[in-house]
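S.K.: You'll find upload.cif just under this line, and it carries mmCIF, C-alpha atoms and all ligand atoms.
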```cif
data_structure
loop_
_atom_site.label_atom_id
_atom_site.label_comp_id
_atom_site.auth_asym_id
_atom_site.auth_seq_id
_atom_site.Cartn_x
_atom_site.Cartn_y
_atom_site.Cartn_z
CA MET A 705 97.75 131.56 70.95
CA GLU A 706 94.38 133.15 70.34
CA VAL A 707 93.10 134.71 67.17
CA GLU A 708 94.10 138.34 67.19
CA GLY A 709 91.25 140.59 68.21
CA SER A 710 90.62 143.81 70.04
CA MET A 711 88.73 141.93 72.75
CA ASN A 712 91.88 140.42 74.22
CA PRO A 713 92.85 142.14 77.43
CA VAL A 714 96.32 143.67 77.17
CA VAL A 715 97.32 141.98 80.41
CA SER A 716 95.44 139.22 82.19
CA VAL A 717 96.81 137.57 85.33
CA LYS A 718 94.91 134.87 87.22
CA ASN A 719 95.84 133.41 90.60
CA LEU A 720 99.54 134.04 90.09
CA SER A 721 101.96 132.93 92.80
CA VAL A 722 105.73 133.14 92.49
CA ALA A 723 108.26 131.73 94.95
CA TYR A 724 112.01 131.96 95.37
CA GLU A 725 113.05 128.65 96.89
CA ASP A 726 110.23 128.05 99.36
CA LYS A 727 109.35 131.70 100.07
CA LEU A 728 106.37 133.23 98.27
CA ALA A 729 107.18 136.61 96.73
CA LEU A 730 103.75 136.94 95.12
CA GLU A 731 100.59 135.21 96.26
CA ASP A 732 97.33 134.79 94.38
CA ILE A 733 97.62 137.86 92.14
CA THR A 734 94.61 138.39 89.88
CA PHE A 735 94.08 141.46 87.71
CA GLU A 736 93.27 142.56 84.20
CA LEU A 737 94.03 145.58 82.07
CA LYS A 738 91.32 145.59 79.44
CA GLU A 739 92.23 148.70 77.57
CA GLN A 740 95.28 150.79 76.93
CA ALA A 741 96.03 152.45 80.24
CA PHE A 742 98.70 153.75 82.57
CA LEU A 743 98.99 151.54 85.66
CA SER A 744 101.31 152.34 88.55
CA ILE A 745 102.29 149.52 90.89
CA ILE A 746 103.15 150.77 94.35
CA GLY A 747 104.58 148.93 97.33
CA PRO A 748 107.44 148.94 99.81
CA ASN A 749 110.85 147.33 99.30
CA GLY A 750 110.60 143.57 98.89
CA SER A 751 106.85 143.59 98.17
CA GLY A 752 107.22 141.76 94.87
CA LYS A 753 107.01 144.66 92.38
CA THR A 754 110.06 143.64 90.34
CA THR A 755 108.99 139.99 90.58
CA LEU A 756 105.60 140.86 89.08
CA LEU A 757 107.20 142.62 86.09
CA LYS A 758 109.57 139.68 85.63
CA ALA A 759 106.63 137.29 85.72
CA LEU A 760 104.91 139.34 82.98
CA LEU A 761 108.11 139.09 80.92
CA GLY A 762 108.41 135.34 81.50
CA MET A 763 111.68 135.78 83.39
CA VAL A 764 110.45 133.98 86.51
CA ARG A 765 108.33 130.84 86.44
CA PRO A 766 105.07 130.94 88.41
CA VAL A 767 104.31 128.29 91.00
CA THR A 768 100.65 128.61 90.04
CA GLY A 769 98.59 130.91 87.86
CA ILE A 770 97.99 131.96 84.28
CA ILE A 771 99.44 135.03 82.59
CA ARG A 772 98.31 136.24 79.19
CA ILE A 773 99.77 139.29 77.48
CA LEU A 774 98.26 140.59 74.23
CA GLY A 775 96.68 137.16 73.81
CA TYR A 776 99.91 135.20 74.29
CA GLU A 777 100.52 132.89 77.19
CA VAL A 778 103.55 133.61 79.38
CA PRO A 779 106.00 131.98 79.96
CA SER A 780 105.39 129.46 77.14
CA GLU A 781 105.00 132.11 74.42
CA ARG A 782 107.32 134.68 76.01
CA TYR A 783 109.55 135.08 72.96
CA GLU A 784 106.56 136.13 70.85
CA VAL A 785 105.31 138.62 73.39
CA ARG A 786 108.76 139.93 74.31
CA LYS A 787 109.02 141.71 70.93
CA GLN A 788 105.98 143.82 71.83
CA ILE A 789 107.27 144.87 75.25
CA GLY A 790 109.62 147.72 76.03
CA TYR A 791 111.30 147.01 79.37
CA VAL A 792 113.32 149.40 81.52
CA PRO A 793 114.82 147.30 84.34
CA GLN A 794 115.54 148.59 87.82
CA ARG A 795 119.04 150.05 88.29
CA GLU A 796 120.49 148.83 85.05
CA ARG A 797 124.11 149.70 84.60
CA ILE A 798 125.94 149.48 81.33
CA ASP A 799 129.64 148.71 81.94
CA PRO A 800 131.19 152.20 82.25
CA THR A 801 134.49 151.02 80.76
CA LYS A 802 132.76 150.06 77.51
CA PRO A 803 133.03 152.82 74.92
CA VAL A 804 129.35 152.85 73.97
CA LEU A 805 127.74 156.00 72.66
CA VAL A 806 124.23 157.15 73.50
CA LYS A 807 123.10 156.26 69.96
CA ASP A 808 124.40 152.69 70.41
CA VAL A 809 122.26 152.28 73.52
CA VAL A 810 119.11 153.60 71.83
CA LEU A 811 119.77 151.58 68.66
CA MET A 812 119.92 148.44 70.84
CA GLY A 813 116.15 148.86 71.06
CA ARG A 814 115.93 148.54 67.26
CA ILE A 815 118.27 145.55 67.18
CA ALA A 816 116.27 143.82 69.91
CA LYS A 817 113.19 144.23 67.75
CA LYS A 818 114.73 142.95 64.53
CA GLY A 819 116.94 140.18 65.83
CA TRP A 820 120.64 140.16 65.07
CA SER A 821 120.30 138.90 61.54
CA ARG A 822 119.17 142.15 59.95
CA ARG A 823 121.05 145.35 59.37
CA LEU A 824 119.95 148.66 60.80
CA THR A 825 118.31 150.91 58.24
CA GLU A 826 117.79 154.62 57.91
CA LYS A 827 114.34 154.11 59.41
CA ASP A 828 115.86 152.48 62.48
CA HIS A 829 118.06 155.53 62.95
CA ASP A 830 115.06 157.84 62.52
CA VAL A 831 113.01 155.97 65.10
CA ALA A 832 115.94 155.95 67.54
CA ARG A 833 116.53 159.67 67.05
CA ARG A 834 112.86 160.42 67.61
CA ALA A 835 112.87 158.33 70.79
CA LEU A 836 115.85 160.31 72.08
CA GLU A 837 114.06 163.55 71.20
CA MET A 838 111.03 162.46 73.21
CA VAL A 839 113.12 162.34 76.38
CA GLU A 840 114.84 165.62 75.40
CA MET A 841 118.24 164.02 74.96
CA ASN A 842 118.74 164.46 71.20
CA ASP A 843 121.84 166.65 71.70
CA PHE A 844 123.60 163.64 73.22
CA TRP A 845 123.31 161.27 70.23
CA ASP A 846 127.10 161.03 69.69
CA GLU A 847 128.17 161.35 73.33
CA PRO A 848 129.72 158.51 75.32
CA TYR A 849 126.99 157.00 77.48
CA ALA A 850 129.35 156.77 80.45
CA HIS A 851 129.75 160.58 80.50
CA LEU A 852 126.05 161.14 81.30
CA SER A 853 124.60 161.70 84.75
CA GLY A 854 122.40 159.05 86.33
CA GLY A 855 119.21 160.89 85.40
CA GLN A 856 120.39 161.42 81.81
CA GLN A 857 121.26 157.72 81.54
CA GLN A 858 117.79 156.84 82.80
CA ARG A 859 116.27 158.97 80.01
CA VAL A 860 118.41 157.19 77.43
CA LEU A 861 117.29 153.79 78.74
CA ILE A 862 113.69 154.95 78.39
CA ALA A 863 114.46 156.10 74.83
CA ARG A 864 115.84 152.62 74.13
CA ALA A 865 112.54 151.10 75.29
CA LEU A 866 110.53 153.62 73.22
CA ALA A 867 112.65 152.81 70.16
CA THR A 868 111.26 149.27 70.19
CA GLU A 869 107.84 150.82 69.38
CA PRO A 870 106.21 148.64 72.05
CA LYS A 871 102.54 147.89 72.65
CA LEU A 872 103.35 147.48 76.34
CA LEU A 873 105.93 149.41 78.35
CA LEU A 874 107.17 148.00 81.66
CA LEU A 875 109.28 150.32 83.79
CA ASP A 876 110.85 149.37 87.10
CA GLU A 877 111.43 152.41 89.33
CA PRO A 878 112.28 154.80 86.47
CA LEU A 879 111.92 157.79 88.81
CA SER A 880 114.31 156.73 91.54
CA GLY A 881 117.43 158.80 91.88
CA VAL A 882 116.40 161.37 89.26
CA ASP A 883 115.63 165.03 89.92
CA ALA A 884 112.18 166.61 89.66
CA ALA A 885 112.79 167.99 86.15
CA THR A 886 113.77 164.57 84.84
CA GLN A 887 110.81 163.00 86.64
CA ASP A 888 108.54 165.42 84.78
CA VAL A 889 110.11 164.60 81.42
CA ILE A 890 109.77 160.88 82.06
CA LEU A 891 106.18 161.06 83.32
CA ASN A 892 105.12 163.33 80.46
CA VAL A 893 106.54 161.02 77.85
CA LEU A 894 104.91 157.99 79.49
CA ARG A 895 101.56 159.79 79.64
CA GLU A 896 101.89 160.68 75.93
CA GLU A 897 102.62 157.06 75.09
CA ALA A 898 99.57 155.95 77.07
CA ASP A 899 97.44 158.51 75.24
CA ARG A 900 98.69 157.10 71.91
CA GLY A 901 97.41 153.67 72.92
CA VAL A 902 100.47 152.10 74.54
CA THR A 903 99.81 150.30 77.82
CA VAL A 904 102.21 151.55 80.48
CA ILE A 905 102.97 149.67 83.70
CA MET A 906 105.31 151.53 86.02
CA VAL A 907 106.63 150.27 89.32
CA THR A 908 107.54 152.75 92.01
CA HIS A 909 107.62 153.31 95.72
CA ASP A 910 107.52 157.07 95.29
CA LEU A 911 103.86 158.08 95.25
CA ASN A 912 103.52 161.80 94.82
CA PRO A 913 104.81 162.30 91.29
CA LEU A 914 102.52 159.73 89.75
CA ILE A 915 99.09 160.45 91.21
CA GLU A 916 98.18 162.78 88.39
CA VAL A 917 99.48 160.71 85.48
CA SER A 918 98.22 157.23 86.37
CA ASP A 919 94.83 155.94 85.28
CA TYR A 920 95.01 153.03 87.70
CA VAL A 921 97.04 152.22 90.77
CA MET A 922 97.81 148.80 92.24
CA LEU A 923 98.86 148.61 95.87
CA LEU A 924 101.06 145.55 96.24
CA ASN A 925 102.51 143.81 99.24
CA ARG A 926 102.98 140.18 98.21
CA THR A 927 99.25 140.17 97.50
CA ILE A 928 97.17 142.92 95.88
CA ILE A 929 95.96 145.16 98.70
CA ALA A 930 93.84 147.19 96.28
CA MET A 931 93.63 148.15 92.62
CA GLY A 932 91.54 150.86 91.04
CA ARG A 933 91.36 154.48 90.01
CA SER A 934 93.99 156.52 91.86
CA ARG A 935 91.51 158.71 93.70
CA ASP A 936 89.48 155.76 94.93
CA ILE A 937 92.31 153.84 96.55
CA LEU A 938 94.96 156.34 97.60
CA ASN A 939 93.61 156.67 101.11
CA GLU A 940 95.28 156.39 104.50
CA TYR A 941 93.78 153.03 105.36
CA LEU A 942 94.90 151.21 102.22
CA LEU A 943 98.28 152.95 101.99
CA SER A 944 99.07 152.26 105.65
CA ARG A 945 98.25 148.58 105.11
CA THR A 946 100.43 148.48 102.01
CA PHE A 947 103.45 150.17 103.60
CA MET A 948 102.87 148.66 107.06
CA ARG A 949 103.33 152.06 108.68
CA ARG A 950 101.30 155.19 109.27
CA VAL A 951 100.79 157.06 105.99
CA SER A 952 99.14 160.48 105.80
CA VAL A 953 97.06 161.67 102.88
CA ILE A 954 96.47 165.41 102.69
CA MET A 955 94.14 167.07 100.21
CA ALA A 956 95.61 170.37 99.03
CA GLY A 957 92.85 171.70 96.79
CA GLU A 958 92.76 169.33 93.83
CA LYS A 959 96.12 167.86 94.76
CA ILE A 960 96.71 164.83 96.96
CA VAL A 961 99.91 164.86 99.01
CA ILE A 962 101.07 161.64 100.61
CA SER A 963 103.69 161.44 103.32
CA GLY A 964 105.16 158.63 105.36
CA ALA A 965 105.07 156.03 102.59
CA ASP A 966 108.52 156.67 101.22
CA HIS A 967 111.26 155.93 103.72
CA HIS A 968 113.60 158.22 101.75
CA ALA A 969 111.33 161.20 102.35
N1 LIG A 1001 116.53 136.06 92.80
C1 LIG A 1001 115.99 135.97 94.02
N2 LIG A 1001 116.25 134.95 94.85
C2 LIG A 1001 115.69 134.86 96.08
N3 LIG A 1001 114.82 135.78 96.57
C3 LIG A 1001 114.52 136.82 95.78
C4 LIG A 1001 115.07 136.99 94.48
N4 LIG A 1001 114.58 138.13 93.93
C5 LIG A 1001 113.75 138.65 94.86
N5 LIG A 1001 113.70 137.86 95.97
C6 LIG A 1001 112.87 138.12 97.16
O1 LIG A 1001 111.52 138.24 96.77
C7 LIG A 1001 110.87 139.31 97.45
C8 LIG A 1001 110.35 140.33 96.45
O2 LIG A 1001 111.44 140.93 95.77
P1 LIG A 1001 111.25 142.03 94.64
O3 LIG A 1001 112.60 142.33 94.08
O4 LIG A 1001 110.21 141.58 93.69
O5 LIG A 1001 110.69 143.25 95.50
P2 LIG A 1001 110.47 144.79 95.07
O6 LIG A 1001 109.09 145.13 95.48
O7 LIG A 1001 110.84 144.97 93.65
O8 LIG A 1001 111.49 145.56 96.04
P3 LIG A 1001 112.33 146.93 95.80
O9 LIG A 1001 111.41 148.08 96.10
O10 LIG A 1001 113.42 146.83 96.81
O11 LIG A 1001 112.84 146.92 94.40
C9 LIG A 1001 111.90 139.85 98.42
O12 LIG A 1001 111.69 139.25 99.66
C10 LIG A 1001 113.23 139.42 97.83
O13 LIG A 1001 114.18 139.21 98.83
MG MG A 1002 112.25 146.11 92.71
#
```
Output the structure of this file as structure tokens.
Ligand SMILES: Nc1ncnc2c1ncn2[C@@H]1O[C@H](COP(=O)(O)OP(=O)(O)OP(=O)(O)O)[C@@H](O)[C@H]1O
Ligand SMILES: [Mg+2]

M.R.:
Amino acid sequence: MEVEGSMNPVVSVKNLSVAYEDKLALEDITFELKEQAFLSIIGPNGSGKTTLLKALLGMVRPVTGIIRILGYEVPSERYEVRKQIGYVPQRERIDPTKPVLVKDVVLMGRIAKKGWSRRLTEKDHDVARRALEMVEMNDFWDEPYAHLSGGQQQRVLIARALATEPKLLLLDEPLSGVDAATQDVILNVLREEADRGVTVIMVTHDLNPLIEVSDYVMLLNRTIIAMGRSRDILNEYLLSRTFMRRVSVIMAGEKIVISGADHHA
């Protein structure tokens, strides 16, 4: 590990390749996030988005490459770095037959941070409550988690990640299957976190909602097609290459509207 210092990039990835059996899911990925920022990773199904987040978490072992997060090397120091990361996995389901309450789910974020040995304190409850407030779900503290809608459950899972008070937030498709109002709540809270100095990396294949909130965008399709400021790289040429189909980009005043990228559209 390196001496702690503000010069360490938050995320540094060099020549990363990841394979499942003999098939490469990621090939020669190199990028850095030097400062606190909001990065959106965009790409079609199967392009390696989830694999990249898992590589950052040390959950998949690279074939080649070096990953450093907050100065720690991953995967060898993944347990150290894991405590600083809030992770919202793609399509996580908590067993609906289990009688867990919303507060239990959010408090899991505090337990994950402390380890199982220590008891939850009043402060842990306060932090968990505040996290639930941030996603506008505080009225549901004592409700059974299984009674919530999909979008409400997604908010609670984000609150659980916020409750860990992370330096880095990794979210895998947090906007999929939620309505526009919930998308707004989620994006606003992520933008606020980024403004407070948390680094946010969000994976999505749904472009339009995130153009305004992201500082940087990475276009991914096994390799990095492009990475940069949203306005510099969200063009028809690069998006069509990323999604391997014709994508239209329309300027509506200040707003960019993209169509053809999302097969659900
Ligand atoms: N556990 C696994 N074993 C074998 N192959 C896998 C495994 N996980 C992913 N893959 C393959 O690796 C590639 C990248 O998968 P990944 O889940 O990272 O894509 P993704 O961009 O997250 O896709 P989606 O938008 O559908 O979530 C795909 O071809 C997938 O089939
Ligand atoms: Mg995925």

S.K.: Let me make sure I understand: among A:Val792, A:Ala723, A:Met922, A:Leu911, which one has the smallest atom-to-atom distance to Arg859 in chain A if we use only C-alpha atoms?

M.R.: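 Under the stated criterion, the closest residue is A:Val792.
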
S.K.: Considering only C-alpha atoms, state which residue in the set A:Ala898, A:Lys817, A:Ile862, A:Pro748 is at the smallest distance from Arg949 in chain A.

M.R.: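 Closest residue, counting only C-alpha atoms: A:Pro748.
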
S.K.: Between chain A and ligand MG 1002 (chain A), at 10 Å or less, what are the per-residue closest atom pairs and their distances in Å? Count all atoms listed in the file, order by chain and rising residue number, and return it as a Markdown table.

M.R.:
```
| residue | atom | partner | partner_atom | distance |
| --- | --- | --- | --- | --- |
| A:Gly747 | CA | A:MG1002 | MG | 9.4 |
| A:Pro748 | CA | A:MG1002 | MG | 9.0 |
| A:Asn749 | CA | A:MG1002 | MG | 6.8 |
| A:Gly750 | CA | A:MG1002 | MG | 6.9 |
| A:Ser751 | CA | A:MG1002 | MG | 8.1 |
| A:Gly752 | CA | A:MG1002 | MG | 7.0 |
| A:Lys753 | CA | A:MG1002 | MG | 5.4 |
| A:Thr754 | CA | A:MG1002 | MG | 4.1 |
| A:Thr755 | CA | A:MG1002 | MG | 7.3 |
| A:Leu756 | CA | A:MG1002 | MG | 9.2 |
| A:Leu757 | CA | A:MG1002 | MG | 9.0 |
| A:Lys758 | CA | A:MG1002 | MG | 9.9 |
| A:Pro793 | CA | A:MG1002 | MG | 8.8 |
| A:Gln794 | CA | A:MG1002 | MG | 6.4 |
| A:Arg795 | CA | A:MG1002 | MG | 9.0 |
| A:Asp876 | CA | A:MG1002 | MG | 6.6 |
| A:Glu877 | CA | A:MG1002 | MG | 7.2 |
| A:Val907 | CA | A:MG1002 | MG | 7.8 |
| A:Thr908 | CA | A:MG1002 | MG | 8.2 |
| A:His909 | CA | A:MG1002 | MG | 9.1 |
```

S.K.: May I ask which of the residues A:Pro913, A:Pro779, A:Pro878, A:Pro870 is the closest one to Arg900 in chain A, counting only C-alpha atoms?

M.R.: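 Using only C-alpha atoms, the shortest distance to Arg900 in chain A belongs to A:Pro870.
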
S.K.: From the options A:Ala867, A:Ala885, A:Ile954, A:Leu924, which residue's atoms come nearest to Glu897 in chain A, counting only C-alpha atoms?

M.R.: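 Distance minimum relative to Glu897 in chain A lands on A:Ala867.
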
S.K.: What is the CA of Val839 in chain A-CA of Arg823 in chain A distance in Å, reported with one decimal?

M.R.: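 Computing the Euclidean distance for CA of Val839 in chain A and CA of Arg823 in chain A yields 25.3 Å.
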
S.K.: Just checking: using only C-alpha atoms and all ligand atoms, which residue out of A:Arg834, A:Arg772, A:Arg935, A:Arg926 ends up closest to ligand LIG 1001 (chain A)?

M.R.: A:Arg926

S.K.: Select, from A:Met906, A:Leu774, A:Leu836, A:Val889, the residue with the minimum atom-to-atom distance to ligand LIG 1001 (chain A), counting all atoms listed in the file.

M.R.: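 The closest residue to ligand LIG 1001 (chain A) is A:Met906.
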
S.K.: Show me, as number ranges by chain, the residues that have an atom within 8 Å of Ala835 in chain A when counting only C-alpha atoms, minus same-chain residues fewer than 5 positions from it.

M.R.: A: 810, 863-864, 866-867

S.K.: Could you tell me how far CA of Leu743 in chain A sits from CA of Tyr920 in chain A, in Å to one decimal place?

M.R.: 4.7 Å

S.K.: Rounded to one decimal in Å, what is the spacing between CA of Ser934 in chain A and CA of Leu861 in chain A?

M.R.: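 Calculated distance between CA of Ser934 in chain A and CA of Leu861 in chain A is 26.9 Å.
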
S.K.: Atoms are missing here; could range 793-827 of chain A be completed with N, CA and C atoms and written as a compact mmCIF listing (two decimals), keeping the file's coordinate frame?

M.R.:
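Wrote it out as selection_37.txt, contents follow:
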```txt
# COMPACT_ATOMS: atom_id res chain seq x y z
N PRO A 793 114.60 147.98 83.06
CA PRO A 793 114.82 147.30 84.34
C PRO A 793 115.25 148.26 85.43
N GLN A 794 115.13 147.79 86.65
CA GLN A 794 115.54 148.59 87.82
C GLN A 794 117.06 148.65 87.87
N ARG A 795 117.60 149.87 88.08
CA ARG A 795 119.04 150.05 88.29
C ARG A 795 119.90 149.31 87.29
N GLU A 796 119.63 149.48 86.03
CA GLU A 796 120.49 148.83 85.05
C GLU A 796 121.75 149.66 84.86
N ARG A 797 122.85 149.01 84.86
CA ARG A 797 124.11 149.70 84.60
C ARG A 797 124.75 149.09 83.36
N ILE A 798 125.17 149.95 82.47
CA ILE A 798 125.94 149.48 81.33
C ILE A 798 127.41 149.67 81.72
N ASP A 799 128.22 148.67 81.54
CA ASP A 799 129.64 148.71 81.94
C ASP A 799 130.29 150.04 81.54
N PRO A 800 130.68 150.86 82.55
CA PRO A 800 131.19 152.20 82.25
C PRO A 800 132.52 152.20 81.50
N THR A 801 133.21 151.07 81.49
CA THR A 801 134.49 151.02 80.76
C THR A 801 134.27 150.74 79.27
N LYS A 802 133.05 150.34 78.93
CA LYS A 802 132.76 150.06 77.51
C LYS A 802 132.52 151.38 76.78
N PRO A 803 133.16 151.53 75.62
CA PRO A 803 133.03 152.82 74.92
C PRO A 803 131.75 152.94 74.11
N VAL A 804 130.60 152.73 74.74
CA VAL A 804 129.35 152.85 73.97
C VAL A 804 128.88 154.29 73.93
N LEU A 805 128.32 154.67 72.81
CA LEU A 805 127.74 156.00 72.66
C LEU A 805 126.24 155.91 72.95
N VAL A 806 125.67 157.09 73.24
CA VAL A 806 124.23 157.15 73.50
C VAL A 806 123.45 156.51 72.35
N LYS A 807 123.85 156.81 71.11
CA LYS A 807 123.10 156.26 69.96
C LYS A 807 123.16 154.74 69.94
N ASP A 808 124.30 154.16 70.37
CA ASP A 808 124.40 152.69 70.41
C ASP A 808 123.37 152.11 71.36
N VAL A 809 123.21 152.78 72.52
CA VAL A 809 122.26 152.28 73.52
C VAL A 809 120.85 152.33 72.96
N VAL A 810 120.48 153.47 72.34
CA VAL A 810 119.11 153.60 71.83
C VAL A 810 118.88 152.64 70.66
N LEU A 811 119.90 152.48 69.81
CA LEU A 811 119.77 151.58 68.66
C LEU A 811 119.65 150.11 69.09
N MET A 812 120.13 149.80 70.31
CA MET A 812 119.92 148.44 70.84
C MET A 812 118.44 148.09 70.83
N GLY A 813 117.59 149.09 71.07
CA GLY A 813 116.15 148.86 71.06
C GLY A 813 115.68 148.42 69.68
N ARG A 814 116.29 148.96 68.62
CA ARG A 814 115.93 148.54 67.26
C ARG A 814 116.45 147.14 66.95
N ILE A 815 117.68 146.87 67.43
CA ILE A 815 118.27 145.55 67.18
C ILE A 815 117.46 144.47 67.89
N ALA A 816 117.06 144.79 69.14
CA ALA A 816 116.27 143.82 69.91
C ALA A 816 114.99 143.47 69.16
N LYS A 817 114.44 144.44 68.48
CA LYS A 817 113.19 144.23 67.75
C LYS A 817 113.39 143.38 66.50
N LYS A 818 114.50 143.62 65.82
CA LYS A 818 114.73 142.95 64.53
C LYS A 818 115.38 141.58 64.68
N GLY A 819 116.08 141.36 65.77
CA GLY A 819 116.94 140.18 65.83
C GLY A 819 118.27 140.56 65.20
N TRP A 820 119.29 139.78 65.46
CA TRP A 820 120.64 140.16 65.07
C TRP A 820 120.91 139.97 63.58
N SER A 821 120.01 139.26 62.93
CA SER A 821 120.30 138.90 61.54
C SER A 821 120.21 140.08 60.58
N ARG A 822 119.42 141.10 60.94
CA ARG A 822 119.17 142.15 59.95
C ARG A 822 119.93 143.42 60.27
N ARG A 823 120.29 144.11 59.21
CA ARG A 823 121.05 145.35 59.37
C ARG A 823 120.13 146.51 59.75
N LEU A 824 120.71 147.47 60.45
CA LEU A 824 119.95 148.66 60.80
C LEU A 824 119.80 149.56 59.58
N THR A 825 118.59 150.06 59.40
CA THR A 825 118.31 150.91 58.24
C THR A 825 118.22 152.37 58.66
N GLU A 826 118.00 153.20 57.65
CA GLU A 826 117.79 154.62 57.91
C GLU A 826 116.57 154.83 58.82
N LYS A 827 115.55 154.01 58.60
CA LYS A 827 114.34 154.11 59.41
C LYS A 827 114.64 153.81 60.88
```
